[in-house]
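Have a look at entry.pdb below; it lists PDB, C-alpha atoms.
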ATOM      1  CA  MET A 321     -51.856   4.071 -91.351
ATOM      2  CA  LEU A 322     -49.447   1.446 -89.996
ATOM      3  CA  ILE A 323     -46.602   3.965 -90.028
ATOM      4  CA  LYS A 324     -48.729   6.537 -88.249
ATOM      5  CA  ARG A 325     -49.824   3.960 -85.637
ATOM      6  CA  SER A 326     -46.219   2.955 -84.881
ATOM      7  CA  HIS A 327     -45.313   6.611 -84.448
ATOM      8  CA  VAL A 328     -48.203   6.996 -82.011
ATOM      9  CA  LEU A 329     -47.097   3.930 -80.009
ATOM     10  CA  ARG A 330     -43.527   5.156 -79.843
ATOM     11  CA  SER A 331     -44.745   8.579 -78.714
ATOM     12  CA  LEU A 332     -46.879   7.000 -75.986
ATOM     13  CA  SER A 333     -43.936   4.903 -74.788
ATOM     14  CA  LEU A 334     -41.719   7.962 -74.673
ATOM     15  CA  LEU A 335     -44.404   9.834 -72.730
ATOM     16  CA  LEU A 336     -44.632   7.013 -70.141
ATOM     17  CA  ILE A 337     -40.839   7.026 -69.713
ATOM     18  CA  LEU A 338     -40.872  10.775 -69.170
ATOM     19  CA  ILE A 339     -43.700  10.495 -66.628
ATOM     20  CA  ASN A 340     -41.848   7.785 -64.714
ATOM     21  CA  PHE A 341     -38.648   9.825 -64.742
ATOM     22  CA  SER A 342     -40.595  12.833 -63.484
ATOM     23  CA  LEU A 343     -42.051  10.797 -60.608
ATOM     24  CA  LEU A 344     -38.613   9.499 -59.645
ATOM     25  CA  SER A 345     -37.209  13.029 -59.755
ATOM     26  CA  CYS A 346     -40.012  14.229 -57.480
ATOM     27  CA  LYS A 347     -39.264  11.380 -55.063
ATOM     28  CA  LYS A 348     -35.595  12.359 -54.936
ATOM     29  CA  GLU A 349     -36.566  15.989 -54.394
ATOM     30  CA  LYS A 350     -38.813  14.897 -51.525
ATOM     31  CA  ASP A 351     -35.950  12.926 -49.990
ATOM     32  CA  ASN A 352     -33.725  16.004 -50.082
ATOM     33  CA  LEU A 353     -36.337  17.925 -48.099
ATOM     34  CA  GLY A 354     -36.186  15.351 -45.326
ATOM     35  CA  GLN A 355     -39.883  14.457 -45.747
ATOM     36  CA  LEU A 356     -39.269  10.735 -45.884
ATOM     37  CA  PRO A 357     -41.490   7.776 -45.106
ATOM     38  CA  ALA A 358     -41.174   6.381 -41.590
ATOM     39  CA  ILE A 359     -38.936   3.626 -42.986
ATOM     40  CA  ALA A 360     -36.569   4.399 -45.873
ATOM     41  CA  ASP A 361     -35.848   1.036 -47.474
ATOM     42  CA  HIS A 362     -34.132   2.799 -50.381
ATOM     43  CA  TRP A 363     -31.458   4.327 -48.144
ATOM     44  CA  GLU A 364     -28.050   2.730 -48.650
ATOM     45  CA  VAL A 365     -25.190   2.836 -46.166
ATOM     46  CA  GLY A 366     -22.947   5.811 -46.820
ATOM     47  CA  ASN A 367     -25.673   7.855 -48.541
ATOM     48  CA  ILE A 368     -25.676  11.512 -47.522
ATOM     49  CA  PHE A 369     -28.849  13.582 -47.820
ATOM     50  CA  PHE A 370     -29.452  17.283 -47.212
ATOM     51  CA  ASP A 371     -32.511  19.445 -46.816
ATOM     52  CA  GLU A 372     -33.328  22.060 -49.435
ATOM     53  CA  LYS A 373     -30.984  24.703 -47.981
ATOM     54  CA  LYS A 374     -28.249  22.214 -47.009
ATOM     55  CA  TRP A 375     -28.688  23.295 -43.400
ATOM     56  CA  VAL A 376     -29.478  19.733 -42.274
ATOM     57  CA  GLU A 377     -27.436  16.644 -43.175
ATOM     58  CA  VAL A 378     -28.014  12.935 -42.586
ATOM     59  CA  VAL A 379     -25.408  10.200 -43.035
ATOM     60  CA  VAL A 380     -26.941   6.745 -43.530
ATOM     61  CA  GLY A 381     -25.482   4.031 -41.309
ATOM     62  CA  ASP A 382     -25.636   0.260 -40.965
ATOM     63  CA  MET A 383     -25.799  -0.323 -37.209
ATOM     64  CA  PRO A 384     -28.477   0.244 -34.533
ATOM     65  CA  LEU A 385     -27.039   3.596 -33.425
ATOM     66  CA  VAL A 386     -28.336   7.063 -34.339
ATOM     67  CA  ILE A 387     -26.289  10.122 -33.316
ATOM     68  CA  THR A 388     -27.788  13.614 -33.414
ATOM     69  CA  VAL A 389     -25.745  16.834 -33.375
ATOM     70  CA  PRO A 390     -28.172  19.743 -32.903
ATOM     71  CA  HIS A 391     -25.927  22.580 -31.655
ATOM     72  CA  GLY A 392     -22.668  22.341 -33.598
ATOM     73  CA  GLY A 393     -23.629  24.437 -36.632
ATOM     74  CA  SER A 394     -21.886  27.670 -37.612
ATOM     75  CA  LEU A 395     -23.854  28.929 -40.636
ATOM     76  CA  LYS A 396     -25.406  32.368 -40.076
ATOM     77  CA  PRO A 397     -27.144  33.364 -43.324
ATOM     78  CA  ASP A 398     -28.219  37.001 -43.441
ATOM     79  CA  GLU A 399     -31.701  36.089 -44.662
ATOM     80  CA  VAL A 400     -32.441  34.279 -41.394
ATOM     81  CA  PRO A 401     -32.930  36.662 -38.455
ATOM     82  CA  ASP A 402     -31.394  35.786 -35.109
ATOM     83  CA  ARG A 403     -33.765  34.201 -32.602
ATOM     84  CA  SER A 404     -34.983  36.774 -30.116
ATOM     85  CA  CYS A 405     -37.817  35.230 -28.086
ATOM     86  CA  PRO A 406     -37.548  35.256 -24.250
ATOM     87  CA  GLY A 407     -35.482  32.691 -22.361
ATOM     88  CA  ILE A 408     -33.538  31.274 -25.305
ATOM     89  CA  THR A 409     -29.983  29.914 -25.350
ATOM     90  CA  THR A 410     -27.811  30.620 -28.390
ATOM     91  CA  GLY A 411     -24.333  29.265 -27.558
ATOM     92  CA  THR A 412     -22.630  26.868 -29.994
ATOM     93  CA  ASP A 413     -21.478  23.431 -28.824
ATOM     94  CA  SER A 414     -18.088  23.831 -30.455
ATOM     95  CA  TYR A 415     -16.449  20.914 -32.270
ATOM     96  CA  THR A 416     -19.401  18.549 -31.765
ATOM     97  CA  ILE A 417     -19.769  18.083 -35.525
ATOM     98  CA  GLU A 418     -16.074  17.213 -35.706
ATOM     99  CA  LEU A 419     -16.508  14.889 -32.703
ATOM    100  CA  ALA A 420     -19.334  13.006 -34.436
ATOM    101  CA  ARG A 421     -17.276  12.671 -37.623
ATOM    102  CA  ALA A 422     -14.407  11.251 -35.547
ATOM    103  CA  ILE A 423     -16.836   8.675 -34.127
ATOM    104  CA  GLU A 424     -17.972   7.767 -37.641
ATOM    105  CA  LYS A 425     -14.340   7.362 -38.757
ATOM    106  CA  GLU A 426     -13.524   5.131 -35.775
ATOM    107  CA  PHE A 427     -16.472   2.827 -36.396
ATOM    108  CA  LEU A 428     -15.657   2.581 -40.099
ATOM    109  CA  GLU A 429     -11.952   1.869 -39.683
ATOM    110  CA  ASN A 430     -12.088  -0.527 -36.722
ATOM    111  CA  TYR A 431     -15.604  -2.023 -36.725
ATOM    112  CA  GLN A 432     -16.510  -1.838 -40.440
ATOM    113  CA  VAL A 433     -19.885  -0.250 -39.662
ATOM    114  CA  ARG A 434     -21.086   3.341 -39.327
ATOM    115  CA  PRO A 435     -23.797   4.956 -37.224
ATOM    116  CA  TYR A 436     -26.601   7.061 -38.656
ATOM    117  CA  ILE A 437     -25.713  10.715 -37.957
ATOM    118  CA  ILE A 438     -27.937  13.787 -38.272
ATOM    119  CA  PHE A 439     -26.296  17.227 -38.201
ATOM    120  CA  THR A 440     -27.634  20.755 -38.117
ATOM    121  CA  HIS A 441     -25.265  23.192 -39.850
ATOM    122  CA  LEU A 442     -27.352  26.290 -39.069
ATOM    123  CA  ALA A 443     -26.054  28.164 -36.017
ATOM    124  CA  ARG A 444     -27.967  28.049 -32.749
ATOM    125  CA  THR A 445     -28.507  31.798 -32.976
ATOM    126  CA  LYS A 446     -30.847  30.923 -35.878
ATOM    127  CA  ILE A 447     -32.435  27.665 -34.646
ATOM    128  CA  ASP A 448     -32.325  25.379 -31.619
ATOM    129  CA  GLN A 449     -33.052  21.818 -32.706
ATOM    130  CA  ASN A 450     -33.177  20.539 -29.117
ATOM    131  CA  ARG A 451     -36.309  22.537 -28.288
ATOM    132  CA  GLU A 452     -39.959  22.328 -29.255
ATOM    133  CA  ILE A 453     -40.729  24.372 -32.313
ATOM    134  CA  PRO A 454     -41.970  27.666 -30.731
ATOM    135  CA  GLU A 455     -38.714  28.195 -28.813
ATOM    136  CA  ALA A 456     -36.618  26.500 -31.495
ATOM    137  CA  THR A 457     -37.617  28.967 -34.216
ATOM    138  CA  CYS A 458     -39.104  31.954 -32.354
ATOM    139  CA  GLY A 459     -41.945  31.945 -34.883
ATOM    140  CA  ASN A 460     -39.814  32.082 -38.056
ATOM    141  CA  LYS A 461     -41.870  30.075 -40.576
ATOM    142  CA  GLU A 462     -38.958  29.561 -42.973
ATOM    143  CA  VAL A 463     -36.780  28.085 -40.231
ATOM    144  CA  GLU A 464     -39.624  25.800 -39.169
ATOM    145  CA  LYS A 465     -38.928  23.834 -42.378
ATOM    146  CA  THR A 466     -35.368  23.257 -41.151
ATOM    147  CA  TRP A 467     -36.655  22.084 -37.771
ATOM    148  CA  HIS A 468     -38.992  19.603 -39.454
ATOM    149  CA  ALA A 469     -36.257  18.382 -41.819
ATOM    150  CA  PHE A 470     -33.927  17.619 -38.900
ATOM    151  CA  HIS A 471     -36.564  15.792 -36.865
ATOM    152  CA  ASN A 472     -37.935  13.953 -39.907
ATOM    153  CA  TYR A 473     -34.458  12.612 -40.612
ATOM    154  CA  ILE A 474     -34.125  11.427 -36.996
ATOM    155  CA  ASP A 475     -37.523   9.750 -37.199
ATOM    156  CA  THR A 476     -36.634   8.007 -40.460
ATOM    157  CA  ALA A 477     -33.190   6.903 -39.270
ATOM    158  CA  LEU A 478     -34.607   5.426 -36.065
ATOM    159  CA  ASN A 479     -37.504   3.633 -37.743
ATOM    160  CA  THR A 480     -35.244   2.281 -40.495
ATOM    161  CA  ALA A 481     -32.722   1.026 -37.915
ATOM    162  CA  VAL A 482     -35.472  -0.566 -35.811
ATOM    163  CA  LYS A 483     -36.820  -2.406 -38.845
ATOM    164  CA  LYS A 484     -33.340  -3.768 -39.646
ATOM    165  CA  TYR A 485     -32.057  -4.528 -36.141
ATOM    166  CA  GLY A 486     -35.129  -4.811 -33.903
ATOM    167  CA  SER A 487     -34.201  -1.822 -31.727
ATOM    168  CA  ALA A 488     -32.092   1.328 -31.889
ATOM    169  CA  MET A 489     -30.025   3.526 -29.581
ATOM    170  CA  ILE A 490     -30.066   7.318 -29.899
ATOM    171  CA  ILE A 491     -27.200   9.471 -28.619
ATOM    172  CA  ASP A 492     -27.805  13.229 -28.611
ATOM    173  CA  LEU A 493     -24.323  14.781 -28.700
ATOM    174  CA  HIS A 494     -23.593  18.136 -27.058
ATOM    175  CA  GLY A 495     -20.777  20.084 -25.442
ATOM    176  CA  HIS A 496     -20.820  21.790 -22.033
ATOM    177  CA  GLY A 497     -18.735  24.530 -20.456
ATOM    178  CA  HIS A 498     -19.092  23.531 -16.805
ATOM    179  CA  PRO A 499     -15.989  23.666 -14.555
ATOM    180  CA  ASN A 500     -15.969  19.927 -13.853
ATOM    181  CA  GLN A 501     -14.311  18.374 -16.927
ATOM    182  CA  ARG A 502     -16.271  15.140 -17.346
ATOM    183  CA  LEU A 503     -19.004  13.714 -19.538
ATOM    184  CA  GLU A 504     -22.505  14.460 -18.316
ATOM    185  CA  LEU A 505     -24.849  11.622 -19.304
ATOM    186  CA  GLY A 506     -28.455  12.737 -19.472
ATOM    187  CA  TYR A 507     -30.975   9.934 -18.959
ATOM    188  CA  SER A 508     -33.849  12.398 -18.326
ATOM    189  CA  LEU A 509     -33.023  12.137 -14.613
ATOM    190  CA  THR A 510     -32.197  14.999 -12.251
ATOM    191  CA  ILE A 511     -29.346  15.156  -9.748
ATOM    192  CA  ASN A 512     -31.872  14.304  -7.030
ATOM    193  CA  ASP A 513     -33.117  11.333  -9.064
ATOM    194  CA  LEU A 514     -29.570   9.996  -9.459
ATOM    195  CA  GLY A 515     -29.006  10.310  -5.717
ATOM    196  CA  LYS A 516     -32.117   8.223  -5.082
ATOM    197  CA  ILE A 517     -30.970   5.578  -7.565
ATOM    198  CA  TYR A 518     -27.587   5.401  -5.854
ATOM    199  CA  SER A 519     -29.443   4.719  -2.585
ATOM    200  CA  SER A 520     -31.813   2.240  -4.348
ATOM    201  CA  ILE A 521     -34.864   4.415  -3.676
ATOM    202  CA  GLU A 522     -37.894   4.577  -6.044
ATOM    203  CA  LEU A 523     -36.114   2.498  -8.681
ATOM    204  CA  ASP A 524     -39.259   1.376 -10.524
ATOM    205  CA  GLU A 525     -40.667   4.899 -10.732
ATOM    206  CA  LEU A 526     -37.372   6.420 -11.853
ATOM    207  CA  SER A 527     -36.821   3.647 -14.387
ATOM    208  CA  ARG A 528     -40.128   4.580 -16.016
ATOM    209  CA  LYS A 529     -39.091   8.255 -16.028
ATOM    210  CA  SER A 530     -35.695   7.584 -17.598
ATOM    211  CA  SER A 531     -34.741   7.566 -21.283
ATOM    212  CA  LEU A 532     -33.877   3.867 -20.850
ATOM    213  CA  ASN A 533     -37.469   2.896 -20.041
ATOM    214  CA  ASN A 534     -38.110   1.284 -23.431
ATOM    215  CA  LEU A 535     -34.963  -0.797 -22.972
ATOM    216  CA  PHE A 536     -36.267  -2.240 -19.702
ATOM    217  CA  ILE A 537     -39.641  -2.971 -21.286
ATOM    218  CA  MET A 538     -37.834  -4.928 -24.022
ATOM    219  CA  GLN A 539     -35.465  -6.599 -21.529
ATOM    220  CA  PRO A 540     -37.153  -6.764 -18.084
ATOM    221  CA  SER A 541     -34.304  -8.827 -16.642
ATOM    222  CA  LEU A 542     -31.854  -5.903 -16.884
ATOM    223  CA  ASP A 543     -30.891  -4.134 -13.670
ATOM    224  CA  PHE A 544     -31.759  -0.430 -13.829
ATOM    225  CA  ARG A 545     -29.298   0.794 -11.192
ATOM    226  CA  ASN A 546     -26.494  -1.312 -12.656
ATOM    227  CA  LEU A 547     -26.973   0.151 -16.146
ATOM    228  CA  LEU A 548     -26.668   3.687 -14.771
ATOM    229  CA  MET A 549     -23.909   3.414 -12.182
ATOM    230  CA  GLY A 550     -22.869  -0.219 -11.874
ATOM    231  CA  ASP A 551     -20.167  -2.323 -13.474
ATOM    232  CA  HIS A 552     -21.997  -2.419 -16.812
ATOM    233  CA  ALA A 553     -22.995   1.249 -17.094
ATOM    234  CA  PHE A 554     -21.872   3.225 -20.151
ATOM    235  CA  GLY A 555     -20.338   5.847 -17.843
ATOM    236  CA  THR A 556     -18.396   3.157 -15.989
ATOM    237  CA  LEU A 557     -17.088   1.743 -19.261
ATOM    238  CA  MET A 558     -15.911   5.224 -20.283
ATOM    239  CA  GLU A 559     -14.300   5.823 -16.873
ATOM    240  CA  ASN A 560     -12.503   2.470 -17.134
ATOM    241  CA  GLU A 561     -10.831   3.842 -20.282
ATOM    242  CA  GLY A 562      -9.825   7.111 -18.640
ATOM    243  CA  ILE A 563     -12.730   9.399 -19.615
ATOM    244  CA  LYS A 564     -14.485  10.817 -16.552
ATOM    245  CA  SER A 565     -18.271  10.428 -16.660
ATOM    246  CA  VAL A 566     -21.300  10.989 -14.461
ATOM    247  CA  PRO A 567     -23.299   8.909 -13.655
ATOM    248  CA  SER A 568     -20.906   5.976 -13.391
ATOM    249  CA  LYS A 569     -19.705   3.542 -10.737
ATOM    250  CA  GLN A 570     -16.781   5.884 -10.057
ATOM    251  CA  ASP A 571     -18.939   9.056 -10.019
ATOM    252  CA  PRO A 572     -22.572   8.042  -9.438
ATOM    253  CA  TYR A 573     -24.201  11.477  -9.201
ATOM    254  CA  PRO A 574     -23.263  15.170  -9.228
ATOM    255  CA  PHE A 575     -23.389  17.204  -6.045
ATOM    256  CA  ALA A 576     -26.436  19.434  -5.635
ATOM    257  CA  THR A 577     -24.268  22.536  -6.077
ATOM    258  CA  GLU A 578     -22.877  21.358  -9.443
ATOM    259  CA  SER A 579     -24.318  22.123 -12.872
ATOM    260  CA  PHE A 580     -25.627  19.122 -14.773
ATOM    261  CA  PHE A 581     -27.506  18.637 -18.054
ATOM    262  CA  ASN A 582     -29.955  15.768 -17.684
ATOM    263  CA  GLY A 583     -31.240  15.468 -21.256
ATOM    264  CA  GLY A 584     -33.385  17.693 -23.453
ATOM    265  CA  TYR A 585     -36.198  17.554 -25.963
ATOM    266  CA  ILE A 586     -34.557  15.153 -28.454
ATOM    267  CA  THR A 587     -33.750  12.587 -25.761
ATOM    268  CA  ARG A 588     -37.207  12.774 -24.168
ATOM    269  CA  TYR A 589     -39.181  12.728 -27.407
ATOM    270  CA  PHE A 590     -37.361   9.994 -29.296
ATOM    271  CA  THR A 591     -37.219   7.619 -26.302
ATOM    272  CA  SER A 592     -40.894   8.121 -25.449
ATOM    273  CA  SER A 593     -43.659   5.540 -25.862
ATOM    274  CA  ASP A 594     -44.079   6.810 -29.451
ATOM    275  CA  TYR A 595     -40.758   5.042 -30.195
ATOM    276  CA  PRO A 596     -41.118   1.819 -28.168
ATOM    277  CA  LYS A 597     -37.994   0.164 -29.599
ATOM    278  CA  VAL A 598     -35.700   3.168 -29.045
ATOM    279  CA  TYR A 599     -33.610   3.990 -25.970
ATOM    280  CA  GLY A 600     -30.628   6.248 -25.359
ATOM    281  CA  TRP A 601     -29.296   9.346 -23.655
ATOM    282  CA  GLN A 602     -27.780  12.776 -24.105
ATOM    283  CA  ILE A 603     -24.010  13.194 -23.874
ATOM    284  CA  GLU A 604     -22.634  16.563 -22.796
ATOM    285  CA  ALA A 605     -18.926  16.382 -23.603
ATOM    286  CA  ASN A 606     -16.435  18.594 -21.796
ATOM    287  CA  ASN A 607     -14.021  20.638 -23.871
ATOM    288  CA  GLN A 608     -10.557  19.985 -22.384
ATOM    289  CA  GLY A 609      -9.334  16.523 -23.272
ATOM    290  CA  ILE A 610     -12.370  15.688 -25.442
ATOM    291  CA  ARG A 611     -13.442  18.326 -27.969
ATOM    292  CA  ASN A 612     -10.574  20.811 -28.001
ATOM    293  CA  ASP A 613      -8.292  19.194 -30.609
ATOM    294  CA  ALA A 614      -8.251  16.459 -33.237
ATOM    295  CA  ALA A 615      -6.125  14.046 -31.183
ATOM    296  CA  ASN A 616      -8.475  14.262 -28.200
ATOM    297  CA  ARG A 617     -11.513  13.819 -30.438
ATOM    298  CA  ALA A 618      -9.942  10.701 -31.958
ATOM    299  CA  ARG A 619      -9.181   9.318 -28.492
ATOM    300  CA  PHE A 620     -12.751   9.988 -27.364
ATOM    301  CA  ALA A 621     -14.067   8.293 -30.503
ATOM    302  CA  ARG A 622     -12.002   5.148 -29.776
ATOM    303  CA  VAL A 623     -13.280   4.910 -26.206
ATOM    304  CA  PHE A 624     -16.858   5.771 -27.213
ATOM    305  CA  ALA A 625     -16.988   3.119 -29.952
ATOM    306  CA  LYS A 626     -15.525   0.460 -27.653
ATOM    307  CA  SER A 627     -17.902   1.344 -24.796
ATOM    308  CA  ILE A 628     -21.021   1.544 -26.968
ATOM    309  CA  THR A 629     -20.177  -1.795 -28.612
ATOM    310  CA  THR A 630     -19.709  -3.410 -25.189
ATOM    311  CA  PHE A 631     -22.928  -1.853 -23.883
ATOM    312  CA  ILE A 632     -25.016  -3.060 -26.837
ATOM    313  CA  LYS A 633     -23.589  -6.594 -26.562
ATOM    314  CA  GLN A 634     -24.325  -6.889 -22.856
ATOM    315  CA  ILE A 635     -27.976  -5.844 -23.119
ATOM    316  CA  ASN A 636     -28.438  -8.656 -25.629
ATOM    317  CA  LEU A 637     -31.128  -7.142 -27.847
TER     318      LEU A 637
END

Encoded form (structure tokens):
Amino acid sequence: MLIKRSHVLRSLSLLLILINFSLLSCKKEKDNLGQLPAIADHWEVGNIFFDEKKWVEVVVGDMPLVITVPHGGSLKPDEVPDRSCPGITTGTDSYTIELARAIEKEFLENYQVRPYIIFTHLARTKIDQNREIPEATCGNKEVEKTWHAFHNYIDTALNTAVKKYGSAMIIDLHGHGHPNQRLELGYSLTINDLGKIYSSIELDELSRKSSLNNLFIMQPSLDFRNLLMGDHAFGTLMENEGIKSVPSKQDPYPFATESFFNGGYITRYFTSSDYPKVYGWQIEANNQGIRNDAANRARFARVFAKSITTFIKQINL
């Protein structure tokens, strides 16, 4: 009887080990699908996670900066039909994935930190991650999983960064093909809005409309106009290093006849009141001199890292 009882105990112990291993395996599987808790305490800097199809990737960082790259993907699997609903845009923001990796490399080598980065590798003909889900997927239920994986990773990265650092900046990275070769910084403000800010008109109202609103709630002493087109604006810091940017002190607003991207769904949603400790903007990077070759991407990364570091220090969060 004693021998039989010891066998039973050993069998029960083995069963408990197998159950625990199974639970851990399920948790890892859930992580790979991007369905993470709001805060991922188990994430470690340098970890890389993918969704089930490896169409979405997240790189875990250790600084209060989250970079999203929604339109740089090139994968066009045959099993996913092209989007075909009315009014869609399908152009690729070429070399934006490479641009984000250059930024990561610059931070690692010269600042010993890395941002959180979320990539979509699926082409924009298949999904548009900077749109709400009906337009993003054109009703394709399988691709909806990819949309959710991407946005779940952003949500988790931001909430994890906020828990660690008290606040977080989001930069939504894109590429434009407009004739004027300069960065377009989208703070959820139109050309007309920027003109009013330049003339110091309706500043309180436009501050609340902007993707920096949460920043001013956290730091009411900051000057709204100055952080868009004054000495301490991100665009001004980039211009000071030779990278043309609008808005900035040097180029405060586009002309009414010029094309300008003022920030899309990702910028609006993740800087809304649902994310009270998050602020940021969309960057539309020109091709010539920025995205078009490795040397230009490395130069941009150096200036970007320096300017972002200066910006974060001066807002004193």

Long-range neighbours of Glu525 of chain A as JSON, numbers by chain, 12 Å cut-off, only C-alpha atoms, 4 positions minimum in chain
{"A": [509, 513, 516, 517, 520, 521, 529, 530, 533, 544]}

Nearest residue to Val463 of chain A out of A:Lys569, A:Lys373, A:His498, A:Lys626, using only C-alpha atoms?
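Answer, going by the shortest atom-to-atom distance: A:Lys373.
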
Set the distance at 10 Å and use all atoms listed in the file: which residues neighbour segment 450-461 of chain A once local chain neighbours fewer than 4 positions away are removed? I'd like the list as number ranges by chain.
A: 388-391, 400-409, 444-446, 465-468, 471, 492, 583-587, 589

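What the PyMOL selection byres ((chain A and resi 500) around 9) grabs from this file is Gly497, His498, Pro499, Gln501, Arg502, Leu503, Glu578, Ser579 and Asn606 of chain A.
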
For those residues, write C-alpha atoms to a file as a short mmCIF file (atom, residue, chain, number, x, y, z; two decimals), keeping the file's coordinate frame.
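selection.cif, written as the output of this step:
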data_model
loop_
_atom_site.label_atom_id
_atom_site.label_comp_id
_atom_site.auth_asym_id
_atom_site.auth_seq_id
_atom_site.Cartn_x
_atom_site.Cartn_y
_atom_site.Cartn_z
CA GLY A 497 -18.74 24.53 -20.46
CA HIS A 498 -19.09 23.53 -16.80
CA PRO A 499 -15.99 23.67 -14.56
CA GLN A 501 -14.31 18.37 -16.93
CA ARG A 502 -16.27 15.14 -17.35
CA LEU A 503 -19.00 13.71 -19.54
CA GLU A 578 -22.88 21.36 -9.44
CA SER A 579 -24.32 22.12 -12.87
CA ASN A 606 -16.43 18.59 -21.80
#

With the file shown as input, list the residues that the PyMOL selection byres ((chain A and resi 635) around 12) selects, as a list in words.
Ser487, Met489, Leu532, Leu535, Phe536, Met538, Gln539, Pro540, Ser541, Leu542, Asp543, Phe544, Asn546, Leu547, His552, Ala553, Phe554, Tyr599, Ile628, Thr629, Thr630, Phe631, Ile632, Lys633, Gln634, Asn636 and Leu637 of chain A

Residues picked by the PyMOL selection byres ((chain A and resi 616-625) around 12) here, as a count of residues only?
59

Using all atoms listed in the file, which residue out of A:Gly495, A:Thr591, A:Ser519, A:Gly411 lies closest to Glu604 of chain A?
A:Gly495

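The gap separating atom CA of Gly393 of chain A from atom CA of Ala481 of chain A is 25.1 Å, in Å to one decimal.
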
Go through A:Thr476, A:Thr412, A:Val379, A:Tyr507 one by one, measure the shortest atom-to-atom distance of each to Phe439 of chain A using all atoms listed in the file, and give the residue with the smallest value.
A:Val379

Quick one: pull the distance between atom CA of Ile359 of chain A and atom CA of Ser592 of chain A, Å, one decimal.
18.2 Å

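Among the candidates A:Thr480, A:Gly506, A:Asn534, A:Glu399, the one nearest to Pro596 of chain A when counting all atoms listed in the file is A:Asn534.
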